[in-house]
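Text of the file query_32.pdb, holding PDB, C-alpha atoms, pLDDT in the B column:
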```
ATOM      1  CA  MET A 819      19.109  -0.397   8.658  1.00 55.00           C
ATOM      2  CA  PRO A 820      15.291  -0.278   8.713  1.00 64.00           C
ATOM      3  CA  GLN A 821      13.310  -3.033   7.076  1.00 87.00           C
ATOM      4  CA  ASN A 822      11.679  -2.369   3.728  1.00 93.00           C
ATOM      5  CA  ASN A 823       8.647  -4.536   4.481  1.00 95.00           C
ATOM      6  CA  THR A 824       5.939  -5.096   7.055  1.00 96.00           C
ATOM      7  CA  SER A 825       3.480  -7.941   7.456  1.00 96.00           C
ATOM      8  CA  PHE A 826       0.335  -8.022   9.610  1.00 97.00           C
ATOM      9  CA  GLN A 827      -1.738 -11.140  10.346  1.00 96.00           C
ATOM     10  CA  PHE A 828      -5.052 -11.310  12.175  1.00 96.00           C
ATOM     11  CA  ILE A 829      -8.557 -12.800  11.954  1.00 96.00           C
ATOM     12  CA  SER A 830     -11.335 -10.835  10.255  1.00 95.00           C
ATOM     13  CA  GLU A 831     -14.143 -10.058  12.673  1.00 94.00           C
ATOM     14  CA  PRO A 832     -17.937  -9.951  12.504  1.00 92.00           C
ATOM     15  CA  THR A 833     -17.807  -6.143  12.857  1.00 92.00           C
ATOM     16  CA  ASP A 834     -15.970  -6.042   9.469  1.00 92.00           C
ATOM     17  CA  VAL A 835     -19.011  -7.388   7.583  1.00 90.00           C
ATOM     18  CA  ASN A 836     -20.773  -5.638   4.690  1.00 89.00           C
ATOM     19  CA  PHE A 837     -24.353  -6.140   3.489  1.00 89.00           C
ATOM     20  CA  GLY A 838     -23.244  -9.067   1.326  1.00 88.00           C
ATOM     21  CA  GLY A 839     -21.836 -10.976   4.301  1.00 88.00           C
ATOM     22  CA  LYS A 840     -18.170 -10.448   3.374  1.00 93.00           C
ATOM     23  CA  VAL A 841     -15.556  -8.029   4.721  1.00 94.00           C
ATOM     24  CA  HIS A 842     -16.367  -4.450   3.717  1.00 94.00           C
ATOM     25  CA  GLY A 843     -14.000  -2.942   1.117  1.00 93.00           C
ATOM     26  CA  GLY A 844     -13.489   0.097   3.335  1.00 94.00           C
ATOM     27  CA  VAL A 845     -12.204  -2.158   6.111  1.00 96.00           C
ATOM     28  CA  VAL A 846      -9.716  -3.740   3.698  1.00 96.00           C
ATOM     29  CA  MET A 847      -8.614  -0.226   2.686  1.00 96.00           C
ATOM     30  CA  LYS A 848      -8.050   0.619   6.357  1.00 96.00           C
ATOM     31  CA  TRP A 849      -5.858  -2.486   6.765  1.00 97.00           C
ATOM     32  CA  ILE A 850      -3.897  -1.464   3.662  1.00 97.00           C
ATOM     33  CA  ASP A 851      -3.339   2.054   5.002  1.00 96.00           C
ATOM     34  CA  GLN A 852      -2.242   0.802   8.433  1.00 97.00           C
ATOM     35  CA  ALA A 853       0.273  -1.717   7.092  1.00 98.00           C
ATOM     36  CA  ALA A 854       1.592   0.673   4.431  1.00 97.00           C
ATOM     37  CA  PHE A 855       1.943   3.525   6.951  1.00 97.00           C
ATOM     38  CA  THR A 856       3.884   1.242   9.291  1.00 97.00           C
ATOM     39  CA  CYS A 857       6.169   0.189   6.430  1.00 97.00           C
ATOM     40  CA  ALA A 858       6.740   3.788   5.241  1.00 97.00           C
ATOM     41  CA  ARG A 859       7.262   5.114   8.775  1.00 96.00           C
ATOM     42  CA  THR A 860       9.735   2.335   9.550  1.00 95.00           C
ATOM     43  CA  TRP A 861      11.678   2.997   6.350  1.00 96.00           C
ATOM     44  CA  ALA A 862      11.701   6.796   6.720  1.00 95.00           C
ATOM     45  CA  GLY A 863      12.156   6.975  10.466  1.00 94.00           C
ATOM     46  CA  THR A 864       9.869  10.018  10.337  1.00 94.00           C
ATOM     47  CA  TYR A 865       6.177  10.785  10.269  1.00 96.00           C
ATOM     48  CA  CYS A 866       4.643  10.117   6.855  1.00 97.00           C
ATOM     49  CA  VAL A 867       1.379  11.190   5.257  1.00 97.00           C
ATOM     50  CA  THR A 868      -0.627   9.378   2.605  1.00 95.00           C
ATOM     51  CA  VAL A 869      -0.634  11.309  -0.670  1.00 94.00           C
ATOM     52  CA  TYR A 870      -1.963   8.722  -3.091  1.00 92.00           C
ATOM     53  CA  VAL A 871      -3.713   5.380  -3.079  1.00 90.00           C
ATOM     54  CA  GLY A 872      -4.023   4.000  -6.544  1.00 77.00           C
ATOM     55  CA  GLY A 873      -5.602   1.199  -8.413  1.00 83.00           C
ATOM     56  CA  ILE A 874      -6.946  -0.786  -5.501  1.00 94.00           C
ATOM     57  CA  ARG A 875      -7.836  -4.054  -7.094  1.00 96.00           C
ATOM     58  CA  PHE A 876     -10.212  -6.311  -5.186  1.00 96.00           C
ATOM     59  CA  LEU A 877      -9.579  -9.771  -6.603  1.00 97.00           C
ATOM     60  CA  LYS A 878     -11.598 -11.941  -4.198  1.00 96.00           C
ATOM     61  CA  PRO A 879     -13.750 -11.262  -1.158  1.00 96.00           C
ATOM     62  CA  VAL A 880     -12.509 -11.834   2.370  1.00 96.00           C
ATOM     63  CA  SER A 881     -14.872 -13.874   4.534  1.00 94.00           C
ATOM     64  CA  ILE A 882     -15.625 -13.212   8.164  1.00 94.00           C
ATOM     65  CA  GLY A 883     -13.415 -15.464  10.300  1.00 93.00           C
ATOM     66  CA  ASP A 884     -10.669 -15.751   7.680  1.00 96.00           C
ATOM     67  CA  ILE A 885      -7.030 -15.370   8.617  1.00 97.00           C
ATOM     68  CA  VAL A 886      -5.862 -12.194   6.893  1.00 97.00           C
ATOM     69  CA  LYS A 887      -2.285 -11.321   5.935  1.00 98.00           C
ATOM     70  CA  VAL A 888      -1.351  -7.823   4.752  1.00 98.00           C
ATOM     71  CA  ASP A 889       2.124  -7.502   3.210  1.00 98.00           C
ATOM     72  CA  ALA A 890       3.508  -4.000   2.607  1.00 98.00           C
ATOM     73  CA  THR A 891       6.847  -3.449   0.842  1.00 97.00           C
ATOM     74  CA  VAL A 892       8.855  -0.419  -0.218  1.00 98.00           C
ATOM     75  CA  ILE A 893       9.036  -0.654  -4.011  1.00 97.00           C
ATOM     76  CA  TYR A 894      10.352   2.808  -4.922  1.00 97.00           C
ATOM     77  CA  THR A 895      11.555   6.011  -3.280  1.00 97.00           C
ATOM     78  CA  GLY A 896      11.640   9.516  -4.660  1.00 96.00           C
ATOM     79  CA  ASN A 897      13.066  12.609  -3.013  1.00 96.00           C
ATOM     80  CA  SER A 898      10.497  12.658  -0.203  1.00 97.00           C
ATOM     81  CA  SER A 899       8.102   9.931  -1.348  1.00 97.00           C
ATOM     82  CA  ILE A 900       7.941   6.276  -0.449  1.00 98.00           C
ATOM     83  CA  HIS A 901       5.933   4.001  -2.735  1.00 97.00           C
ATOM     84  CA  ILE A 902       4.559   0.941  -0.979  1.00 98.00           C
ATOM     85  CA  GLY A 903       3.209  -2.126  -2.748  1.00 97.00           C
ATOM     86  CA  VAL A 904       0.511  -3.825  -0.689  1.00 97.00           C
ATOM     87  CA  ASP A 905      -0.962  -7.283  -1.107  1.00 98.00           C
ATOM     88  CA  VAL A 906      -3.770  -8.651   1.041  1.00 98.00           C
ATOM     89  CA  TYR A 907      -4.246 -12.398   1.383  1.00 98.00           C
ATOM     90  CA  SER A 908      -6.840 -14.447   3.216  1.00 97.00           C
ATOM     91  CA  ARG A 909      -7.537 -18.056   4.025  1.00 96.00           C
ATOM     92  CA  SER A 910      -9.854 -20.157   6.101  1.00 93.00           C
ATOM     93  CA  PHE A 911      -8.128 -22.277   8.726  1.00 86.00           C
ATOM     94  CA  ASP A 912      -7.883 -25.340   6.487  1.00 86.00           C
ATOM     95  CA  LYS A 913      -6.838 -23.665   3.200  1.00 91.00           C
ATOM     96  CA  GLU A 914      -3.867 -21.860   1.615  1.00 95.00           C
ATOM     97  CA  PHE A 915      -3.564 -18.075   1.450  1.00 97.00           C
ATOM     98  CA  GLN A 916      -5.066 -16.513  -1.685  1.00 97.00           C
ATOM     99  CA  LYS A 917      -4.388 -12.962  -2.833  1.00 98.00           C
ATOM    100  CA  THR A 918      -7.539 -10.895  -2.387  1.00 97.00           C
ATOM    101  CA  THR A 919      -6.407  -7.301  -2.932  1.00 97.00           C
ATOM    102  CA  HIS A 920      -3.499  -5.365  -4.450  1.00 97.00           C
ATOM    103  CA  CYS A 921      -2.582  -1.691  -4.617  1.00 96.00           C
ATOM    104  CA  VAL A 922       0.219   0.837  -4.462  1.00 96.00           C
ATOM    105  CA  ILE A 923       0.066   3.589  -1.864  1.00 97.00           C
ATOM    106  CA  VAL A 924       2.388   6.592  -1.783  1.00 97.00           C
ATOM    107  CA  PHE A 925       3.508   8.391   1.358  1.00 98.00           C
ATOM    108  CA  VAL A 926       5.567  11.531   1.813  1.00 98.00           C
ATOM    109  CA  SER A 927       7.922  11.973   4.734  1.00 97.00           C
ATOM    110  CA  VAL A 928       7.182  15.259   6.520  1.00 97.00           C
ATOM    111  CA  ASP A 929       8.905  17.321   9.189  1.00 95.00           C
ATOM    112  CA  GLU A 930       7.290  18.739  12.339  1.00 94.00           C
ATOM    113  CA  ASN A 931       5.789  21.589  10.240  1.00 95.00           C
ATOM    114  CA  GLY A 932       4.229  19.205   7.729  1.00 93.00           C
ATOM    115  CA  LYS A 933       6.751  20.062   5.008  1.00 97.00           C
ATOM    116  CA  PRO A 934       8.153  17.277   2.802  1.00 97.00           C
ATOM    117  CA  GLN A 935      11.613  16.100   3.734  1.00 97.00           C
ATOM    118  CA  LYS A 936      14.157  13.890   2.033  1.00 97.00           C
ATOM    119  CA  VAL A 937      14.015  10.130   2.546  1.00 96.00           C
ATOM    120  CA  ARG A 938      16.720   7.532   2.262  1.00 94.00           C
ATOM    121  CA  SER A 939      16.879   5.997  -1.179  1.00 95.00           C
ATOM    122  CA  TRP A 940      15.776   2.399  -1.610  1.00 95.00           C
ATOM    123  CA  GLU A 941      17.669   0.372  -4.198  1.00 94.00           C
ATOM    124  CA  PRO A 942      16.174  -2.827  -5.628  1.00 94.00           C
ATOM    125  CA  GLY A 943      18.429  -5.872  -5.447  1.00 92.00           C
ATOM    126  CA  THR A 944      16.542  -8.855  -6.830  1.00 94.00           C
ATOM    127  CA  GLU A 945      14.903  -9.184 -10.241  1.00 97.00           C
ATOM    128  CA  ARG A 946      11.483  -9.049  -8.599  1.00 95.00           C
ATOM    129  CA  GLU A 947      12.408  -5.848  -6.747  1.00 94.00           C
ATOM    130  CA  LYS A 948      13.643  -4.324 -10.021  1.00 96.00           C
ATOM    131  CA  LYS A 949      10.337  -5.209 -11.707  1.00 96.00           C
ATOM    132  CA  LEU A 950       8.407  -3.687  -8.795  1.00 95.00           C
ATOM    133  CA  ALA A 951      10.486  -0.492  -8.989  1.00 96.00           C
ATOM    134  CA  GLU A 952       9.789  -0.242 -12.724  1.00 96.00           C
ATOM    135  CA  TYR A 953       6.083  -0.866 -12.041  1.00 94.00           C
ATOM    136  CA  ALA A 954       6.124   1.999  -9.499  1.00 94.00           C
ATOM    137  CA  ARG A 955       7.838   4.338 -12.008  1.00 94.00           C
ATOM    138  CA  LYS A 956       5.210   3.514 -14.654  1.00 94.00           C
ATOM    139  CA  LEU A 957       2.387   4.147 -12.183  1.00 92.00           C
ATOM    140  CA  LYS A 958       4.027   7.455 -11.211  1.00 91.00           C
ATOM    141  CA  SER A 959       4.050   8.520 -14.851  1.00 91.00           C
ATOM    142  CA  LEU A 960       0.389   7.560 -15.236  1.00 91.00           C
ATOM    143  CA  ARG A 961      -0.521   9.514 -12.056  1.00 88.00           C
ATOM    144  CA  GLU A 962       1.147  12.622 -13.478  1.00 88.00           C
ATOM    145  CA  LYS A 963      -1.038  12.359 -16.599  1.00 90.00           C
ATOM    146  CA  ILE A 964      -4.155  11.751 -14.504  1.00 88.00           C
ATOM    147  CA  SER A 965      -3.312  14.784 -12.332  1.00 86.00           C
ATOM    148  CA  GLU A 966      -3.219  16.989 -15.431  1.00 89.00           C
ATOM    149  CA  GLU A 967      -6.665  15.724 -16.442  1.00 90.00           C
ATOM    150  CA  MET A 968      -8.059  16.198 -12.932  1.00 87.00           C
ATOM    151  CA  GLN A 969      -6.710  19.725 -12.414  1.00 88.00           C
ATOM    152  CA  PRO A 970      -9.808  21.590 -13.675  1.00 88.00           C
ATOM    153  CA  PHE A 971     -11.969  19.578 -11.300  1.00 89.00           C
ATOM    154  CA  LEU A 972      -9.769  20.192  -8.249  1.00 84.00           C
ATOM    155  CA  GLU A 973     -10.087  23.969  -8.432  1.00 79.00           C
ATOM    156  CA  GLN A 974     -12.790  25.642  -6.357  1.00 66.00           C
TER     157      GLN A 974
END
```

Let's see the structure in the file written out as structure tokens.
Amino acid sequence: MPQNNTSFQFISEPTDVNFGGKVHGGVVMKWIDQAAFTCARTWAGTYCVTVYVGGIRFLKPVSIGDIVKVDATVIYTGNSSIHIGVDVYSRSFDKEFQKTTHCVIVFVSVDENGKPQKVRSWEPGTEREKKLAEYARKLKSLREKISEEMQPFLEQ
């Protein structure tokens, strides 16, 4: 049975720097997408595409040279969708990890023609997993409302 989580660890590099001397937010978003894609792809066993990245919350900056940990976990599955909770942590070599970023990213499993296909259901077991699944369902409901509001602006 495939794992429902993925964790990456690495050191942030000088090429990740922004004008303020910290890691650029876009670089953090790339890390999030890579870890979440790996988690979704592992769970689905198929190619997956990103369909939504929501509520990226940057809590603290990441410094150049910090050890970075990106944890991605399946928190909910729909018919073809896989909702991944992602937390980014960082620390200097002599400190403890601190959460720096949080978001939920949604992928859809697709076939060779790019059409959505069914994914295996994920069932929460622990209380924390149940809370995360409920969190994902609430965010899904909010996204549906936001989509209705956005519709006039998405048309050409």

Checklist entry - Could you spell out the hits of the PyMOL selection byres ((chain A and resi 898) around 8) on the shown file, as an MDAnalysis selection string? => result chainID A and resid 895:897 899:900 926:928 934:937

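If all atoms listed in the file are the atoms counted, then among A:Pro879, A:Pro970, A:Gly943, A:Gly863 the closest residue to Asp929 of chain A is A:Gly863.
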
Next on the checklist: Please determine, counting all atoms listed in the file, which residue among A:Arg938, A:Arg955, A:Arg909, A:His901 has the shortest atom-to-atom distance to Val922 of chain A.
Outcome noted: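 Closest residue, counting all atoms listed in the file: A:His901.
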
Next on the checklist: One decimal, in Å: what's the spacing between atom CA of Gln827 of chain A and atom CA of Trp861 of chain A?
Outcome noted: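 Between these atoms lies a distance of 19.9 Å.
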
Item to check | Test item: the PyMOL selection byres ((chain A and resi 950) around 12) resolved as a PyMOL selection string | outcome: chain A and resi 891-895+901-904+921-922+940-949+951-957

Item to check | Between atom CA of Gln916 of chain A and atom CA of Phe828 of chain A - distance in Å to one decimal | outcome: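 Atom CA of Phe828 of chain A sits 14.8 Å away from atom CA of Gln916 of chain A.
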
Next on the checklist: From (-11.3, -13.0, 8.9), in the file's coordinates, out to 8 Å: which residues are reached, counting only C-alpha atoms? Answer as a PyMOL selection string.
Outcome noted: chain A and resi 828-831+841+880-886+908-910

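Straight-line separation from atom CA of Val846 of chain A to atom CA of Gly872 of chain A: 14.0 Å.
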
Next on the checklist: So, with all atoms listed in the file as the atoms that count, which of A:Lys958, A:Glu967, A:Lys933, A:Lys848 lies closest to Thr864 of chain A?
Outcome noted: A:Lys933

Next on the checklist: Considering all atoms listed in the file, can you say which of A:Ser825, A:Lys878, A:Ala862, A:Gln852 comes closest to Lys840 of chain A?
Outcome noted: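 Answer, going by the shortest atom-to-atom distance: A:Lys878.
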
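The closest residue to Ala854 of chain A, picked from A:Phe915, A:Phe971, A:Phe876, A:Tyr870 and counting all atoms listed in the file, is A:Tyr870.
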
Checklist entry - Nearest to Thr919 of chain A among A:Ile850, A:Cys857, A:Ile964, A:Cys866, with distances taken over only C-alpha atoms: which residue is it? => result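 When distances to Thr919 of chain A are compared using only C-alpha atoms, the smallest one comes from A:Ile850.
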
Could you write out as lines of an AutoDock Vina configuration file the box around segment 945-953 of chain A (axis-aligned, all atoms listed in the file, 8 Å on each side), with centre and edge lengths in Å to one decimal?
```
center_x = 10.5
center_y = -4.7
center_z = -9.7
size_x = 24.8
size_y = 24.9
size_z = 22.0
```
